[in-house]
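Heads up: the structure comes next, in structure tokens.
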Amino acid sequence: MKAILALEDGTWFEGRSFTGHGNAGGEAIFNTGMTGYQEVLTDPSYAGQMVCMTYPLVGNYGVNLEDVESSRVWVEAFIVKECCKVPSNWRSVKSLPDYLVEHGVMGIEGIDTRALTRHLRLHGAMRAIISTDDVTPQELVDRARALPSMEGQNLTARVCPAEPYVWTAQGPRSVSLEDDGSYRWPGNGPKVVAYDFGVKWNILRLLAAEGLDLLMVPPSFTAEQVDRLAPDAVFLSNGPGDPATLTDVVANVSQLADRYPLAGICLGHQILGQALGGKTYKLKFGHHGLNHPVKDLTTGRIEISSQNHGFCVDITSLKDVEITHINLNDQTLEGFRHTKKPVLAIQHHPEAGPGPHDSQYFFHRFRELIREHAGV
């Protein structure tokens, strides 16, 4: 079925929908991973974005029940050169087209994804529309231009939980707090309140693997509410959208940074950077893939990282903040720690899901930070 992808700058591509009739809109970006499409599709940080995979053949190992990072697909649309419709893998339970149709997400193939990727790299990520409607490309370009820009969008409300919950071997489970706002922590490990801005499940798995007793809370949870839970530390998750829009969250985290050991990943890193006085800015085309080289300045070690972010933090003017990681492709900030407060954060994804495991030591560093400053 004919489908057109139209960009806001007037560029358009003709391809084929492999998910039937439909329309989709969002920010067009590219991901350089050769595998891991199921984790990409279910990563809440991709909300509001249409993802183009640079690897030419996608879907050949199908979809399974284990390799998901949330309970649903979050991308606005999926763009590939060729979609495999007859997968071959012992874990596969359905094809990629069937999976996307089940979640109401458009998929388009048959376009020159190399040309699209080069265009986005040269001109930046931009608003786009995919449609099977019988309309002119210019009409779709006009639709794309009418979409909201990623800058200025608060998308955490779309992906965050409404109530606190805990992580179990079977997945998330809702919990109730006491009438006074306290919580009966079920475990014996350090008590950690984790803010869910759109968390990937593998982050929770690896935090739990460090022996932490986790309680996930929504972004609206105040510092006073956290105090009533009496945690030993606080964690800030990844998530979608423009971090500069989260002014209430940043003000809240600024208070928490004076009370508890704190760690953040991706959006959590950006929130922490702002809470300490830094600013965020939008990258031209973002970092999305599984092969980004990062240098840990504290050890001199080079690691290959999994990344998914369109914004970055500028902390160069801040006192008492030490840069711990840099991106070796463009020298942008990938991690920092506070020299006087128990605060550390990284921009890339140590949990992988998908990607290499070079950076998983971050979870142990957080555990040691809690041990050092909370004594547990």
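Each chain in the structure tokens gets a letter, A, B and so on, in the order shown; residues start at 1 in every chain, and ligands are counted from 1 in the order they appear.
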
Exercise for the section: Excluding segment 219-236 of chain A and residues on its chain fewer than 3 positions from it, collect all residues at most 7 Å away from it, counting only C-alpha atoms, and give them as a list in words. Expected result: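 In the requested form, the answer reads Gly181, Ser182, Tyr183, Pro190, Lys191, Val192, Val193, Ala194, Tyr195, Asp196, Phe197, Val249, Asn252, Gln255, Leu256, Tyr260, Pro261, Leu262, Ala263, Gly264, Ile265, Gly268, Ile370 and Ala374 of chain A.
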
Practice task
Give me the residues within 7 Å of Tyr281 of chain A as a list in words, counting only C-alpha atoms and dropping any in the same chain fewer than 3 places off.
Solution key: Phe311, Cys312 and Val313 of chain A

Fill in the blank from the handout: Counting only C-alpha atoms, closest pick from A:Ala352, A:Thr324, A:Met216, A:Leu297 relative to Arg173 of chain A is A:Met216

Exercise for the section: List every residue of segment 19-243 of chain A that DSSP, applied to the backbone of this structure, places in strand (DSSP E), and write the result as a ChimeraX atom specification. Expected result: /A:23-31,49-53,57-58,77-79,82-83,106-109,126-131,165-168,171-174,191-195,213-217,233-236

How would the residues just picked look written out with C-alpha atoms as a PDB file, in the first residue's frame?
```pdb
ATOM      1  CA  ASN A  23      -1.605   8.491   9.422  1.00  0.00           C
ATOM      2  CA  ALA A  24       1.167   9.310  11.879  1.00  0.00           C
ATOM      3  CA  GLY A  25       3.095  12.403  12.856  1.00  0.00           C
ATOM      4  CA  GLY A  26       6.037  13.292  15.046  1.00  0.00           C
ATOM      5  CA  GLU A  27       9.709  14.168  15.071  1.00  0.00           C
ATOM      6  CA  ALA A  28      11.652  12.099  12.513  1.00  0.00           C
ATOM      7  CA  ILE A  29      14.946  10.738  13.894  1.00  0.00           C
ATOM      8  CA  PHE A  30      17.315   7.898  13.008  1.00  0.00           C
ATOM      9  CA  ASN A  31      18.698   5.025  15.072  1.00  0.00           C
ATOM     10  CA  GLN A  49       9.080  10.429  17.564  1.00  0.00           C
ATOM     11  CA  MET A  50       9.081   8.459  14.322  1.00  0.00           C
ATOM     12  CA  VAL A  51      12.158   6.228  14.232  1.00  0.00           C
ATOM     13  CA  CYS A  52      14.100   5.419  11.073  1.00  0.00           C
ATOM     14  CA  MET A  53      16.386   2.386  11.423  1.00  0.00           C
ATOM     15  CA  LEU A  57      16.625  -5.286   7.018  1.00  0.00           C
ATOM     16  CA  VAL A  58      14.476  -5.150  10.143  1.00  0.00           C
ATOM     17  CA  ALA A  77       5.785   5.324  13.516  1.00  0.00           C
ATOM     18  CA  PHE A  78       8.536   2.949  12.377  1.00  0.00           C
ATOM     19  CA  ILE A  79      10.544   3.575   9.203  1.00  0.00           C
ATOM     20  CA  GLU A  82      12.797  -3.543   4.217  1.00  0.00           C
ATOM     21  CA  CYS A  83      10.556  -5.251   6.771  1.00  0.00           C
ATOM     22  CA  MET A 106       2.259   2.707  11.477  1.00  0.00           C
ATOM     23  CA  GLY A 107       5.178   1.066   9.690  1.00  0.00           C
ATOM     24  CA  ILE A 108       6.586   2.155   6.337  1.00  0.00           C
ATOM     25  CA  GLU A 109       9.158   0.412   4.149  1.00  0.00           C
ATOM     26  CA  MET A 126      12.430  17.573  12.069  1.00  0.00           C
ATOM     27  CA  ARG A 127       8.681  17.226  12.161  1.00  0.00           C
ATOM     28  CA  ALA A 128       7.215  14.726   9.718  1.00  0.00           C
ATOM     29  CA  ILE A 129       4.009  13.024   8.605  1.00  0.00           C
ATOM     30  CA  ILE A 130       3.411   9.523   7.246  1.00  0.00           C
ATOM     31  CA  SER A 131       0.131   8.942   5.426  1.00  0.00           C
ATOM     32  CA  TYR A 165       4.136   0.888  42.140  1.00  0.00           C
ATOM     33  CA  VAL A 166       6.823  -1.705  42.786  1.00  0.00           C
ATOM     34  CA  TRP A 167       8.854  -3.825  40.410  1.00  0.00           C
ATOM     35  CA  THR A 168       8.489  -7.608  40.599  1.00  0.00           C
ATOM     36  CA  GLY A 171       6.606  -6.748  36.073  1.00  0.00           C
ATOM     37  CA  PRO A 172       5.081  -3.652  37.707  1.00  0.00           C
ATOM     38  CA  ARG A 173       2.562  -4.032  40.549  1.00  0.00           C
ATOM     39  CA  SER A 174       0.512  -1.206  42.060  1.00  0.00           C
ATOM     40  CA  LYS A 191      15.186   2.000  50.335  1.00  0.00           C
ATOM     41  CA  VAL A 192      15.111   3.907  47.036  1.00  0.00           C
ATOM     42  CA  VAL A 193      12.354   6.122  45.684  1.00  0.00           C
ATOM     43  CA  ALA A 194      12.573   6.032  41.882  1.00  0.00           C
ATOM     44  CA  TYR A 195      10.864   8.727  39.846  1.00  0.00           C
ATOM     45  CA  ASP A 213      14.270  -1.943  47.681  1.00  0.00           C
ATOM     46  CA  LEU A 214      12.454   0.115  45.024  1.00  0.00           C
ATOM     47  CA  LEU A 215       9.297   2.194  45.077  1.00  0.00           C
ATOM     48  CA  MET A 216       8.434   3.924  41.795  1.00  0.00           C
ATOM     49  CA  VAL A 217       6.531   7.200  41.969  1.00  0.00           C
ATOM     50  CA  ALA A 233      18.202   7.507  48.265  1.00  0.00           C
ATOM     51  CA  VAL A 234      16.342   8.808  45.212  1.00  0.00           C
ATOM     52  CA  PHE A 235      16.679   7.806  41.554  1.00  0.00           C
ATOM     53  CA  LEU A 236      15.539   9.706  38.429  1.00  0.00           C
TER      54      LEU A 236
END
```

Practice task
Kindly give the distance, in Å, that separates atom CA of Ala244 of chain A and atom CA of Thr280 of chain A, rounded to a single decimal.
Solution key: 6.5 Å

Handout entry: Near-Val250 of chain A list (8 Å; only C-alpha atoms; drop same-chain fewer than 2 positions) as a PyMOL selection string
Key = chain A and resi 246-248+252-254+271-272+274-275
